[in-house]
Each structure stands twice: as structure tokens, then as C-alpha cells.
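What follows is the content of upload_5.cif (mmCIF, C-alpha atoms and all ligand atoms).
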```cif
data_start
loop_
_atom_site.label_atom_id
_atom_site.label_comp_id
_atom_site.auth_asym_id
_atom_site.auth_seq_id
_atom_site.Cartn_x
_atom_site.Cartn_y
_atom_site.Cartn_z
CA MET A 1 -2.27 51.02 -33.51
CA LEU A 2 -5.25 48.69 -33.87
CA SER A 3 -7.17 48.60 -30.65
CA THR A 4 -10.21 46.74 -29.37
CA ILE A 5 -12.90 47.58 -26.86
CA VAL A 6 -15.49 45.01 -25.84
CA TYR A 7 -18.52 46.00 -23.78
CA ARG A 8 -21.99 44.90 -22.85
CA SER A 9 -25.04 47.00 -22.04
CA HIS A 10 -28.78 46.86 -21.43
CA LEU A 11 -31.38 48.19 -23.87
CA CYS A 12 -33.65 50.81 -22.29
CA ASP A 13 -37.23 49.63 -21.81
CA GLU A 14 -38.72 52.50 -23.74
CA VAL A 15 -36.70 51.83 -26.91
CA PRO A 16 -38.64 49.58 -29.33
CA VAL A 17 -36.59 46.65 -30.61
CA LYS A 18 -37.75 47.28 -34.16
CA LYS A 19 -36.03 50.67 -34.08
CA LEU A 20 -32.67 49.01 -33.62
CA GLU A 21 -31.95 48.28 -37.28
CA GLU A 22 -32.47 51.94 -38.06
CA MET A 23 -30.15 53.02 -35.23
CA VAL A 24 -27.44 50.69 -36.46
CA VAL A 25 -27.60 52.16 -39.98
CA ILE A 26 -26.98 55.63 -38.54
CA ALA A 27 -24.23 54.39 -36.24
CA ASN A 28 -22.50 52.72 -39.15
CA LYS A 29 -22.12 55.98 -41.02
CA VAL A 30 -20.08 57.25 -38.08
CA ASN A 31 -18.19 53.97 -37.76
CA GLU A 32 -17.18 54.14 -41.38
CA LEU A 33 -15.95 57.68 -40.98
CA TYR A 34 -13.81 56.61 -38.03
CA ASP A 35 -12.65 53.35 -39.64
CA ILE A 36 -14.34 51.29 -36.94
CA THR A 37 -15.46 47.72 -37.57
CA GLY A 38 -16.55 44.92 -35.27
CA ILE A 39 -19.69 43.06 -34.37
CA LEU A 40 -22.83 43.94 -32.42
CA LEU A 41 -24.83 41.18 -30.76
CA PHE A 42 -28.27 41.51 -29.19
CA ASN A 43 -30.05 38.88 -27.11
CA GLY A 44 -33.38 40.62 -26.63
CA THR A 45 -32.21 42.52 -23.54
CA HIS A 46 -28.47 43.02 -23.69
CA PHE A 47 -26.03 44.24 -26.29
CA PHE A 48 -22.53 42.95 -26.72
CA GLN A 49 -20.17 44.76 -29.01
CA VAL A 50 -16.63 44.35 -30.25
CA LEU A 51 -15.20 47.63 -31.56
CA GLU A 52 -12.01 47.54 -33.58
CA GLY A 53 -10.08 50.36 -35.16
CA PRO A 54 -7.41 53.00 -34.58
CA GLU A 55 -6.92 53.59 -30.85
CA GLU A 56 -8.11 57.21 -30.75
CA ALA A 57 -11.14 56.44 -32.92
CA VAL A 58 -12.20 53.47 -30.81
CA ARG A 59 -11.92 55.58 -27.68
CA THR A 60 -13.98 58.39 -29.19
CA ILE A 61 -16.72 56.09 -30.43
CA TYR A 62 -16.84 54.23 -27.11
CA GLY A 63 -17.15 57.56 -25.30
CA ARG A 64 -20.18 58.37 -27.45
CA ILE A 65 -21.65 54.92 -26.91
CA CYS A 66 -21.40 55.41 -23.13
CA GLU A 67 -23.35 58.67 -23.43
CA ASP A 68 -26.12 57.14 -25.55
CA LYS A 69 -29.39 57.30 -23.63
CA ARG A 70 -30.95 54.34 -25.46
CA HIS A 71 -29.05 51.83 -23.40
CA HIS A 72 -27.73 51.77 -19.83
CA ASN A 73 -25.45 49.76 -17.57
CA VAL A 74 -22.63 49.94 -20.09
CA VAL A 75 -19.83 47.76 -18.73
CA GLU A 76 -16.43 47.73 -20.38
CA LEU A 77 -15.23 44.14 -20.48
CA MET A 78 -11.95 44.46 -22.31
CA ARG A 79 -9.59 47.03 -23.79
CA ASP A 80 -6.70 45.60 -25.74
CA TYR A 81 -4.53 45.70 -28.85
CA ALA A 82 -4.40 43.26 -31.72
CA PRO A 83 -2.35 42.77 -34.90
CA SER A 84 -5.40 42.59 -37.16
CA ARG A 85 -9.17 42.97 -37.18
CA ARG A 86 -11.34 40.03 -36.27
CA PHE A 87 -14.44 41.50 -37.86
CA GLY A 88 -13.19 43.73 -40.63
CA ASN A 89 -16.33 44.23 -42.74
CA VAL A 90 -17.39 47.81 -43.19
CA GLY A 91 -20.79 48.39 -41.64
CA MET A 92 -21.32 46.65 -38.38
CA GLU A 93 -24.44 44.56 -38.63
CA LEU A 94 -26.80 43.88 -35.81
CA PHE A 95 -26.77 40.22 -34.98
CA ASP A 96 -29.93 39.23 -33.15
CA LEU A 97 -29.08 35.97 -31.42
CA ARG A 98 -32.76 35.05 -31.14
CA ASP A 99 -33.02 34.63 -34.90
CA PHE A 100 -30.64 31.69 -34.88
CA ASP A 101 -30.77 28.11 -33.88
CA LYS A 102 -29.19 27.50 -30.48
CA ASP A 103 -26.69 24.94 -31.79
CA SER A 104 -25.49 26.96 -34.72
CA VAL A 105 -25.63 30.49 -33.35
CA LEU A 106 -22.00 30.63 -32.25
CA GLN A 107 -20.76 29.36 -35.61
CA SER A 108 -22.98 31.88 -37.38
CA VAL A 109 -21.39 34.67 -35.38
CA LEU A 110 -17.89 33.40 -36.06
CA ASP A 111 -18.68 33.13 -39.78
CA LYS A 112 -18.76 36.92 -39.77
CA GLY A 113 -15.07 36.90 -38.97
CA THR A 114 -12.72 38.29 -41.60
CA SER A 115 -9.34 37.47 -40.09
CA LYS A 116 -7.14 35.62 -42.55
CA PHE A 117 -6.30 33.24 -39.75
CA GLN A 118 -9.08 31.18 -38.34
CA LEU A 119 -10.58 32.86 -35.30
CA THR A 120 -9.34 30.96 -32.28
CA TYR A 121 -10.43 30.79 -28.70
CA ASP A 122 -6.98 31.80 -27.49
CA ASP A 123 -8.26 35.25 -28.21
CA ARG A 124 -9.82 36.95 -25.17
CA ALA A 125 -12.22 39.02 -27.25
CA LEU A 126 -13.63 35.84 -28.76
CA GLN A 127 -13.82 34.18 -25.36
CA PHE A 128 -15.95 37.10 -24.20
CA LEU A 129 -18.06 36.73 -27.31
CA ARG A 130 -18.61 33.04 -26.74
CA THR A 131 -19.50 33.62 -23.08
CA PHE A 132 -22.09 36.19 -24.14
CA VAL A 133 -23.60 33.98 -26.85
CA GLU A 134 -23.84 31.09 -24.41
CA ALA A 135 -25.19 33.44 -21.69
CA ARG A 136 -22.75 32.00 -19.18
CA GLU A 137 -22.06 35.14 -17.10
CA LYS A 138 -25.62 36.36 -16.84
CA GLU A 139 -25.87 35.93 -13.08
CA ASN A 140 -23.21 38.62 -12.76
CA TYR A 141 -25.08 41.26 -14.75
CA TYR A 142 -26.31 43.47 -11.97
CA GLU A 143 -28.73 46.01 -13.34
CA VAL A 144 -28.02 49.27 -11.56
CA PRO A 145 -30.93 51.75 -11.51
CA PRO A 146 -30.27 55.40 -12.40
CA ALA A 147 -28.38 57.48 -9.81
CA ASP A 148 -31.44 59.59 -9.07
CA SER A 149 -33.56 56.65 -7.96
CA TRP A 150 -32.16 57.29 -4.49
CA ALA A 151 -31.89 60.47 -2.47
CA PHE A 152 -29.26 60.77 0.24
CA ILE A 153 -30.80 62.47 3.22
CA ALA A 154 -28.49 63.91 5.86
CA ASP A 155 -29.27 62.81 9.38
CA ASP A 156 -27.52 64.92 11.99
CA ASN A 157 -28.32 62.63 14.91
CA GLN A 158 -24.74 61.51 15.18
CA MET A 159 -23.24 64.88 14.27
CA ARG A 160 -21.02 66.11 17.07
CA GLU A 161 -18.20 68.53 17.73
CA GLY A 162 -15.25 67.15 19.64
CA ASP A 163 -12.63 69.05 21.55
CA SER A 164 -10.03 70.64 19.30
CA THR A 165 -7.95 71.75 22.30
CA LEU A 166 -7.07 68.09 22.93
CA SER A 167 -4.63 68.18 20.03
CA ALA A 168 -3.28 71.68 20.74
CA SER A 169 0.12 70.39 21.83
CA GLU A 170 0.47 67.92 18.92
CA ASP A 171 1.24 68.56 15.30
CA PHE A 172 -1.48 66.09 14.25
CA CYS A 173 -5.17 65.64 14.95
CA PHE A 174 -7.92 63.16 14.06
CA THR A 175 -10.88 63.16 11.73
CA PHE A 176 -13.71 60.66 12.14
CA GLN A 177 -15.61 58.91 9.38
CA PRO A 178 -18.37 56.33 9.81
CA ILE A 179 -18.55 52.89 8.22
CA ILE A 180 -22.22 52.24 7.70
CA ASP A 181 -24.80 49.61 6.83
CA PRO A 182 -27.23 51.64 4.68
CA PHE A 183 -30.09 49.15 4.64
CA SER A 184 -30.35 48.73 8.35
CA GLN A 185 -29.42 52.43 8.72
CA GLN A 186 -26.75 51.60 11.23
CA ILE A 187 -23.32 52.91 11.94
CA VAL A 188 -21.03 49.90 12.07
CA SER A 189 -17.96 51.77 13.27
CA PHE A 190 -16.20 55.11 13.35
CA GLU A 191 -12.74 55.25 11.86
CA ALA A 192 -10.24 57.67 13.38
CA LEU A 193 -8.00 59.10 10.65
CA MET A 194 -4.84 60.94 11.51
CA GLN A 195 -4.12 64.25 9.83
CA GLY A 196 -1.27 66.77 10.09
CA GLN A 197 -2.34 70.02 11.80
CA ASP A 198 -1.81 71.72 8.46
CA GLY A 199 -4.41 69.41 6.89
CA ARG A 200 -1.85 67.05 5.37
CA SER A 201 -2.81 63.38 5.03
CA ALA A 202 -1.45 60.86 7.52
CA GLU A 203 0.74 59.22 4.92
CA ASP A 204 2.26 62.55 3.98
CA TYR A 205 2.67 63.63 7.60
CA LEU A 206 4.28 60.37 8.72
CA SER A 207 6.59 60.08 5.73
CA ASN A 208 8.04 63.52 6.47
CA LEU A 209 8.99 62.64 10.03
CA PRO A 210 12.57 61.56 10.78
CA ARG A 211 12.67 57.82 10.08
CA GLU A 212 13.33 56.86 13.68
CA ASN A 213 10.16 58.68 14.83
CA VAL A 214 7.61 57.31 12.37
CA TYR A 215 6.50 54.18 14.19
CA GLU A 216 6.59 55.70 17.65
CA THR A 217 4.51 58.70 16.49
CA ASP A 218 2.05 56.46 14.66
CA LEU A 219 1.48 54.29 17.72
CA LYS A 220 1.46 57.03 20.34
CA SER A 221 -0.96 59.18 18.30
CA LYS A 222 -3.65 56.67 19.20
CA LYS A 223 -3.74 58.08 22.72
CA LEU A 224 -5.28 61.22 21.17
CA ALA A 225 -7.61 59.15 18.95
CA PHE A 226 -9.07 57.33 21.96
CA ALA A 227 -9.29 60.54 24.01
CA GLN A 228 -11.12 62.35 21.19
CA ALA A 229 -13.44 59.37 20.72
CA ARG A 230 -14.32 59.56 24.39
CA LYS A 231 -15.17 63.26 24.05
CA LEU A 232 -17.39 62.33 21.14
CA ASP A 233 -19.23 59.93 23.37
CA ILE A 234 -18.94 56.87 21.11
CA GLN A 235 -17.94 54.40 23.78
CA HIS A 236 -20.95 52.24 22.83
CA LEU A 237 -19.73 51.87 19.22
CA THR A 238 -16.85 50.22 17.41
CA LEU A 239 -13.80 52.37 16.80
CA SER A 240 -11.35 51.66 13.97
CA ILE A 241 -7.79 52.95 14.08
CA ASN A 242 -5.01 52.76 11.49
CA LEU A 243 -1.52 51.48 12.15
CA LEU A 244 1.49 50.68 10.06
CA PRO A 245 2.20 46.99 10.67
CA MET A 246 5.76 47.89 11.66
CA SER A 247 4.52 50.27 14.38
CA LEU A 248 3.54 47.15 16.33
CA VAL A 249 6.91 45.58 15.69
CA MET A 250 9.35 48.45 16.14
CA VAL A 251 7.91 50.07 19.25
CA PRO A 252 8.55 48.05 22.41
CA ASP A 253 5.39 47.06 24.29
CA ALA A 254 3.18 48.48 21.54
CA VAL A 255 0.20 46.26 22.29
CA GLU A 256 0.43 47.01 26.01
CA PHE A 257 0.42 50.73 25.20
CA LEU A 258 -2.76 50.37 23.15
CA LEU A 259 -4.50 48.32 25.82
CA THR A 260 -3.63 50.88 28.51
CA GLU A 261 -5.02 53.77 26.43
CA ILE A 262 -8.15 51.85 25.44
CA ASP A 263 -8.88 51.19 29.09
CA ALA A 264 -7.99 54.73 30.18
CA GLN A 265 -10.65 56.18 27.85
CA GLY A 266 -13.39 53.82 28.93
CA PHE A 267 -13.32 51.48 25.91
CA VAL A 268 -12.92 47.72 25.89
CA PRO A 269 -10.59 45.94 23.41
CA GLU A 270 -13.56 44.13 21.81
CA GLN A 271 -14.73 47.50 20.45
CA ILE A 272 -11.48 48.28 18.70
CA VAL A 273 -10.52 47.37 15.15
CA VAL A 274 -6.93 47.84 14.01
CA GLU A 275 -6.64 48.51 10.27
CA PHE A 276 -3.36 47.69 8.57
CA THR A 277 -2.44 49.10 5.22
CA GLU A 278 -0.72 46.56 3.10
CA SER A 279 1.43 49.09 1.25
CA ASP A 280 3.90 49.07 4.10
CA THR A 281 6.08 45.99 3.68
CA ILE A 282 6.29 43.82 6.75
CA SER A 283 9.97 43.12 7.04
CA ARG A 284 9.86 41.16 10.28
CA VAL A 285 7.05 38.72 9.74
CA ASP A 286 7.66 36.72 12.91
CA ALA A 287 7.62 39.76 15.16
CA PHE A 288 4.50 41.00 13.35
CA GLU A 289 2.76 37.68 13.92
CA THR A 290 3.63 37.82 17.60
CA ALA A 291 2.03 41.27 17.84
CA ILE A 292 -1.07 40.03 15.99
CA LYS A 293 -1.44 37.16 18.46
CA LYS A 294 -1.29 39.61 21.35
CA LEU A 295 -3.94 41.85 19.80
CA LYS A 296 -6.21 38.90 19.15
CA ALA A 297 -5.65 37.48 22.62
CA ALA A 298 -6.69 40.84 24.08
CA GLY A 299 -9.93 40.85 22.02
CA ILE A 300 -9.01 43.44 19.38
CA SER A 301 -10.25 42.82 15.80
CA LEU A 302 -8.14 43.22 12.70
CA SER A 303 -8.77 44.59 9.25
CA ILE A 304 -6.65 44.77 6.10
CA ASP A 305 -7.01 48.29 4.72
CA GLY A 306 -6.80 49.23 1.06
CA PHE A 307 -7.05 45.57 0.10
CA GLY A 308 -5.88 44.86 -3.41
CA ALA A 309 -3.76 47.97 -3.86
CA GLY A 310 -0.53 47.15 -2.10
CA SER A 311 2.16 44.64 -2.68
CA ALA A 312 1.16 42.02 -0.17
CA GLY A 313 -2.63 41.64 -0.54
CA LEU A 314 -3.17 37.98 -1.23
CA LEU A 315 0.03 36.76 0.35
CA LEU A 316 -0.81 38.68 3.52
CA LEU A 317 -4.22 37.03 3.53
CA THR A 318 -2.61 33.58 3.39
CA ARG A 319 -0.53 34.45 6.47
CA PHE A 320 -3.31 35.82 8.62
CA GLN A 321 -7.05 36.22 8.25
CA PRO A 322 -8.51 39.38 9.75
CA GLU A 323 -12.14 39.89 10.79
CA LYS A 324 -12.61 42.47 8.03
CA ILE A 325 -11.08 43.63 4.82
CA LYS A 326 -11.59 47.00 3.17
CA ILE A 327 -11.46 46.95 -0.61
CA ASP A 328 -9.22 49.71 -1.88
CA ARG A 329 -11.07 52.75 -3.18
CA HIS A 330 -9.30 52.65 -6.55
CA ILE A 331 -10.98 49.30 -7.19
CA ILE A 332 -14.34 50.66 -5.97
CA ASN A 333 -14.18 53.76 -8.15
CA ASP A 334 -16.57 53.39 -11.15
CA VAL A 335 -17.02 49.67 -10.52
CA HIS A 336 -20.41 49.82 -12.24
CA LYS A 337 -18.65 50.57 -15.54
CA SER A 338 -15.73 48.18 -15.38
CA GLY A 339 -15.74 44.46 -16.10
CA PRO A 340 -12.26 43.87 -14.60
CA LYS A 341 -13.19 45.66 -11.34
CA GLN A 342 -16.44 43.71 -11.11
CA ALA A 343 -14.67 40.40 -11.62
CA ILE A 344 -12.06 41.23 -8.98
CA ILE A 345 -14.63 42.36 -6.42
CA LEU A 346 -16.79 39.29 -6.97
CA ALA A 347 -13.71 37.13 -6.41
CA ILE A 348 -12.82 39.03 -3.22
CA ILE A 349 -16.38 38.57 -1.94
CA LYS A 350 -16.28 34.86 -2.68
CA CYS A 351 -12.89 34.42 -1.06
CA CYS A 352 -13.90 36.38 2.03
CA SER A 353 -17.14 34.47 2.31
CA SER A 354 -15.19 31.19 2.33
CA LEU A 355 -12.96 32.62 5.04
CA GLU A 356 -15.83 34.23 7.02
CA ILE A 357 -14.23 37.66 6.64
CA SER A 358 -16.57 40.62 6.30
CA VAL A 359 -16.04 42.97 3.41
CA ILE A 360 -16.18 46.77 3.49
CA ALA A 361 -16.15 48.99 0.40
CA GLU A 362 -14.21 52.20 1.02
CA GLY A 363 -14.18 55.47 -0.90
CA VAL A 364 -17.73 55.06 -2.24
CA GLU A 365 -18.61 58.34 -3.96
CA LYS A 366 -21.35 57.56 -6.46
CA PRO A 367 -24.83 56.10 -5.98
CA GLU A 368 -24.20 53.64 -8.85
CA GLU A 369 -21.07 52.28 -7.15
CA TRP A 370 -23.03 51.65 -3.97
CA MET A 371 -25.95 50.04 -5.85
CA TRP A 372 -23.67 47.72 -7.77
CA LEU A 373 -21.73 46.74 -4.64
CA GLU A 374 -24.91 46.15 -2.67
CA ALA A 375 -26.27 43.95 -5.50
CA ALA A 376 -23.01 42.01 -5.47
CA GLY A 377 -23.42 41.29 -1.75
CA ILE A 378 -21.51 43.97 0.15
CA TYR A 379 -23.31 45.50 3.12
CA ASN A 380 -20.79 47.80 4.77
CA PHE A 381 -19.67 51.05 3.18
CA GLN A 382 -17.51 54.05 3.82
CA GLY A 383 -17.16 57.09 1.63
CA ALA A 384 -18.12 60.62 0.74
CA LEU A 385 -21.48 59.45 -0.66
CA PHE A 386 -22.60 58.84 2.93
CA ALA A 387 -20.26 60.96 5.06
CA SER A 388 -16.86 62.59 4.64
CA PRO A 389 -14.40 62.58 7.54
CA LYS A 390 -14.97 65.37 10.05
CA LEU A 391 -12.13 67.04 11.91
CA ASN A 392 -12.35 66.57 15.71
CA GLY A 393 -15.95 65.49 15.36
CA LEU A 394 -18.60 63.21 13.89
CA PRO A 395 -20.17 64.08 10.53
CA ALA A 396 -23.85 63.84 9.63
CA VAL A 397 -24.65 60.64 7.73
CA ALA A 398 -26.60 60.81 4.45
CA TRP A 399 -28.77 57.69 4.39
CA PRO A 400 -30.21 56.51 1.07
CA GLU A 401 -33.98 56.83 0.62
CA LYS A 402 -35.85 55.56 -2.40
CA ASN A 403 -37.21 58.37 -4.58
P1 LIG A 501 -7.65 54.81 4.75
O1 LIG A 501 -7.51 54.15 6.06
O2 LIG A 501 -8.07 54.00 3.60
O3 LIG A 501 -8.64 56.01 5.03
C1 LIG A 501 -9.58 56.49 4.19
C2 LIG A 501 -9.05 57.67 3.41
O4 LIG A 501 -9.93 57.88 2.33
C3 LIG A 501 -9.02 58.97 4.20
O5 LIG A 501 -7.99 59.77 3.68
C4 LIG A 501 -10.34 59.59 3.82
O6 LIG A 501 -10.37 60.99 3.91
C5 LIG A 501 -10.44 59.19 2.40
N1 LIG A 501 -11.82 59.09 1.94
C6 LIG A 501 -12.93 58.84 2.66
N2 LIG A 501 -14.00 58.80 1.88
C7 LIG A 501 -13.56 59.01 0.63
C8 LIG A 501 -14.18 59.08 -0.64
O7 LIG A 501 -15.38 58.89 -0.78
N3 LIG A 501 -13.39 59.28 -1.72
C9 LIG A 501 -12.04 59.45 -1.62
N4 LIG A 501 -11.34 59.64 -2.72
N5 LIG A 501 -11.42 59.40 -0.44
C10 LIG A 501 -12.16 59.18 0.66
P2 LIG A 501 -6.88 60.33 4.61
O8 LIG A 501 -7.49 60.86 5.88
O9 LIG A 501 -6.06 61.27 3.77
O10 LIG A 501 -6.05 59.06 4.99
C11 LIG A 501 -5.21 58.44 4.06
C12 LIG A 501 -4.61 57.21 4.64
O11 LIG A 501 -3.71 57.49 5.68
C13 LIG A 501 -5.62 56.26 5.28
O12 LIG A 501 -6.30 55.55 4.30
C14 LIG A 501 -4.73 55.41 6.15
O13 LIG A 501 -4.18 54.36 5.40
C15 LIG A 501 -3.64 56.36 6.53
N6 LIG A 501 -3.84 56.73 7.93
C16 LIG A 501 -4.83 57.46 8.48
N7 LIG A 501 -4.66 57.56 9.80
C17 LIG A 501 -3.53 56.88 10.09
C18 LIG A 501 -2.84 56.60 11.29
O14 LIG A 501 -3.24 56.97 12.39
N8 LIG A 501 -1.71 55.83 11.18
C19 LIG A 501 -1.27 55.37 9.98
N9 LIG A 501 -0.16 54.65 9.95
N10 LIG A 501 -1.90 55.61 8.83
C20 LIG A 501 -3.02 56.35 8.90
MN MN A 502 -8.33 52.88 7.24
#
```
Represent the structure contained in this file as C-alpha cells.
Amino acid sequence: MLSTIVYRSHLCDEVPVKKLEEMVVIANKVNELYDITGILLFNGTHFFQVLEGPEEAVRTIYGRICEDKRHHNVVELMRDYAPSRRFGNVGMELFDLRDFDKDSVLQSVLDKGTSKFQLTYDDRALQFLRTFVEAREKENYYEVPPADSWAFIADDNQMREGDSTLSASEDFCFTFQPIIDPFSQQIVSFEALMQGQDGRSAEDYLSNLPRENVYETDLKSKKLAFAQARKLDIQHLTLSINLLPMSLVMVPDAVEFLLTEIDAQGFVPEQIVVEFTESDTISRVDAFETAIKKLKAAGISLSIDGFGAGSAGLLLLTRFQPEKIKIDRHIINDVHKSGPKQAIILAIIKCCSSLEISVIAEGVEKPEEWMWLEAAGIYNFQGALFASPKLNGLPAVAWPEKN
């Protein structure tokens, strides 16, 4: 099947521009072997390339391109299938946009087209091409420095062991993971994550309970979360807890229960954030909204967890606007390499800014993800790059320091 990959990248400073022609000649030998055609544009700083050919071949060549040390910040913009090649000439030539007149450059590029139909702008690949030629997306090209430009230095100031005997009579316990602001080197909040005693995840643990016990167990487990948090001496910080939306609906007096436990452990409601995962469908919207009102009236903040992954993301956001949203870690993963992820995250940031909702990136594992997200305007992070969850305790935080 004929497949297409479109990407852009940034020429490395130490590679002389006059070497490019030579590089392209070598690359074309490989392209020919793999039956790859397309077009390669260069604007003096960035490359833009359309690769077309058999699916496996395009994937192989793109894999090699990503490994090439002569350019960096390779961002995949599009991966798609097409009935025929747009640029079918053997030997991909380097098209230096600077050599052309501004008004005719786009037409000159399109004149390279070999499709028997006229190239049309209904075609996404060509839309990308036009956008690049006209330099219309440039403000969104965040240049991410190499991963090793930062070191992550563990700081065990916050590290603490809790009391594992607190959960002795339960078949679950809690881990704690910080949400941090790396630039001001501050811990924004600790999130209490439930875990089965056998190390199973909360989702797994809860889904194996008898149906009638799920919501009750979820809600009542928070008694232990608050008690452990007190042992950990974080009553001066914000504490985030997770709840299924229906746990607030199905358990009578759920909000009252939370308020009693918060008070019993020396916290105030203003310190507590309730995170809802959107994967759980809210079947009784009215009852859910009533519970939300009660939480808000008591001073508790709300957060939508795993935003963008579940079924109700945007619709849920039209119904109620929380203080925070946490972008799902599958969207965060490798964001520095993916055009679609970048576009989605930029849109979430814009939307949340209009709604005065603060944005947290969760599941950050790589320095490049963090650098891209920070450049895009996100300030709060959670993930293994900084600190993994610690059972019955607080982990050390690895703060970034410039190398
Ligand atoms: P979540 O609220 O999004 O919690 C973060 C999850 O991501 C945790 O998994 C954590 O261990 C994991 N994580 C943290 N940093 C990284 C990272 O850098 N990379 C990756 N891949 N994962 C990372 P965990 O503990 O297995 O929790 C899974 C989910 O279970 C939570 O996702 C939350 O939705 C739910 N959950 C946790 N505690 C409770 C609870 O008390 N009640 C309910 N209903 N759900 C809970
Ligand atoms: Mn959460």
C-alpha cells in the first residue's frame, strides 16, 4: 500500500549548508533502492519532507531519518495513505526555498508534482506543504535542546517514610507522588494513589471487587489516604485524591464523609483536590452535579484526570469547569516527536487559558517531553522523570539543573 509520512526538522548548527546537496545525493541512492519518492524543502533552518512509497519502506527510511545526527527536533506531522504519488520523480531533489521568489515559490514547489490529477489543497499533505512554504506555523516550532542539557538531581528533603501498619487491616494501601513546578522548585501537591496490597493498580483492584462494593470502597479508602498524609506531615501542602465520579453519587453522604475525614486528620478542605477520571461514565449527571456543588461549597478543588483519553473529555468540560486538568500521559508520551500530540496539547492549553483552568502534564518520563511542554506553556508536572510514586511515603524529587 502506498503510504506517506510528512515531517519537519531542524538542521544542526555544525552542518554546513553547502554539504546538503551532497547528503541528498547519497540519500537518494537509498531512496531509489526502497522505491521512495517525495520532496524535500529547506528554508535555511528547517527541513520539510514528504516521503512516499510502500508502507514498510517509508517506515524504515523514516526510522533512519529520525536517527540521523545532522538534524534534530524531528517532528512527524502526518502519516497517511494515498492512491497515488504526489511527487513521483526518482531522486528527491533538495528544494531550497530561499532561491525562489516569494510570490512564485509555492507554484515552483507544486510544479514538481507528478500526479496525473492536478494537486489540490483538499490533500492534507499539500496543506502541510503550503503551511511550511508560507511559514505559517513557525511560532509553534519549539526547539528542544538535547536531553543531556539538563541533569536531574535528587533532593531528599521531602523524602519520608510513612506508617505501613496503618493499612495492615485493609487490602489496599496508598502511594504518594508529587506534582511539581520545576522552575520554582516547588511541590505543588502530593497525589495519593490507591494500590492493592499485592501491588495491583487501583483500577485493577477496584474492578475486581464485587460491583456493589466498588464505590463504597473507593470513597472509604480516603480515610486511610488522609491518615497516611497526616503521618507524612504534609498538612501544609495540597493533597490530591482520586475518585470515580459515581463514588460521590452512589454512596449516601459521600461529601460529608470526606469532610469529616479531612477535618479529623488536621487538613482543611481548601487543601484538597479531587481528581476525577473521565473513563468512568457518569450515568446520573444531575446527582453528580449536586455532589460537585457540595464539594465546591465546602472549598474543595476539582481536577479532571487523564484528560483527553476517556469518552467524556470535552463534553465533561462543557458541563463543569474544574480548577485543574491533567493531560493524559498517552498524549504526553513522546510529544516532542509528534505533530498531532503537539497540536492537541496547544489547543488544550489555549482552551484552559480561556477558562482559567490550570494544566498539569502527567506521566512525564523524558527530559525532551518536559522541555517541549515547558516551552509550550505548561508549568506543573508529574511523572517518573521527577519522582515515581512511593508506597506509604514521600519520594525524593529530582529537580532539573542546567548542565
Ligand atoms: P492517575 O490518577 O492518572 O495516576 C497516575 C498513574 O500514573 C499512577 O498509576 C502512577 O503510578 C502512574 N505514573 C506516575 N508517573 C508515571 C510515569 O512517569 N509514567 C507512567 N507510565 N506512569 C506513571 P497507578 O498508581 O497504577 O494508578 C492508576 C490509576 O488508578 C490512576 O491514574 C487513577 O486514575 C486510579 N486511581 C488511583 N488511586 C485511586 C483511587 O483512590 N480511587 C480511584 N477511583 N482511582 C484511583
Ligand atoms: Mn490522578
Show me, as CSV, the residues of chain A having an atom within 7 Å of ligand MN 502 (chain A), each with the closest atom pair and its distance in Å, using only C-alpha atoms and all ligand atoms.
```
residue,atom,partner,partner_atom,distance
A:Glu191,CA,A:MN502,MN,6.8
A:Ile241,CA,A:MN502,MN,6.9
A:Asn242,CA,A:MN502,MN,5.4
A:Glu275,CA,A:MN502,MN,5.6
A:Asp305,CA,A:MN502,MN,5.4
```
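With all atoms listed in the file as the basis for measurement, A:Gly363 is the residue among A:Pro395, A:Gly44, A:Gly363, A:Gly266 that approaches A:Val335 most closely.
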Please identify the residues whose atoms come within 9 Å of ligand LIG 501 (chain A), using all atoms listed in the file, and report them as a VMD selection string.
-> chain A and resid 174 to 177 191 to 195 199 to 204 206 214 to 215 217 to 219 221 to 222 225 241 to 245 247 275 to 279 305 to 306 326 to 330 333 362 to 366 382 to 390
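Minimum atom-to-atom distances from A:Leu248, A:Gln185, A:Ala309, A:Val74 to A:Ile292 were compared using all atoms listed in the file, and the lowest value belongs to A:Leu248.
Nearest residue to A:Pro182, choosing from A:Glu170, A:Trp372, A:Phe152, A:Ile234 and counting all atoms listed in the file: A:Phe152.
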Of A:Asp122, A:Trp399, A:Ser301, A:Ile5, the one sitting nearest A:Ala154 when using only C-alpha atoms is A:Trp399
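Shortest separation to A:Met159 among A:Ala343, A:Leu394, A:Ile282, A:Val75 occurs at residue A:Leu394, atoms counted being all atoms listed in the file.
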Pick from A:Leu129, A:Glu143, A:Leu77, A:Pro400, whichever lies nearest to A:Cys12 using only C-alpha atoms | A:Glu143
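For the pair atom CA of A:Met371 and atom CA of A:Ser149, the interatomic distance is 10.3 Å.
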Separation of atom CA of A:Thr165 and atom CA of A:Ile187, in Å?
-> 26.4 Å
Could you name the residues that touch A:Ala151 at 8 Å or less, counting all atoms listed in the file, but leaving out those on the same chain fewer than 4 positions away, as a list in words?
-> Pro400, Glu401, Lys402 and Asn403 of chain A
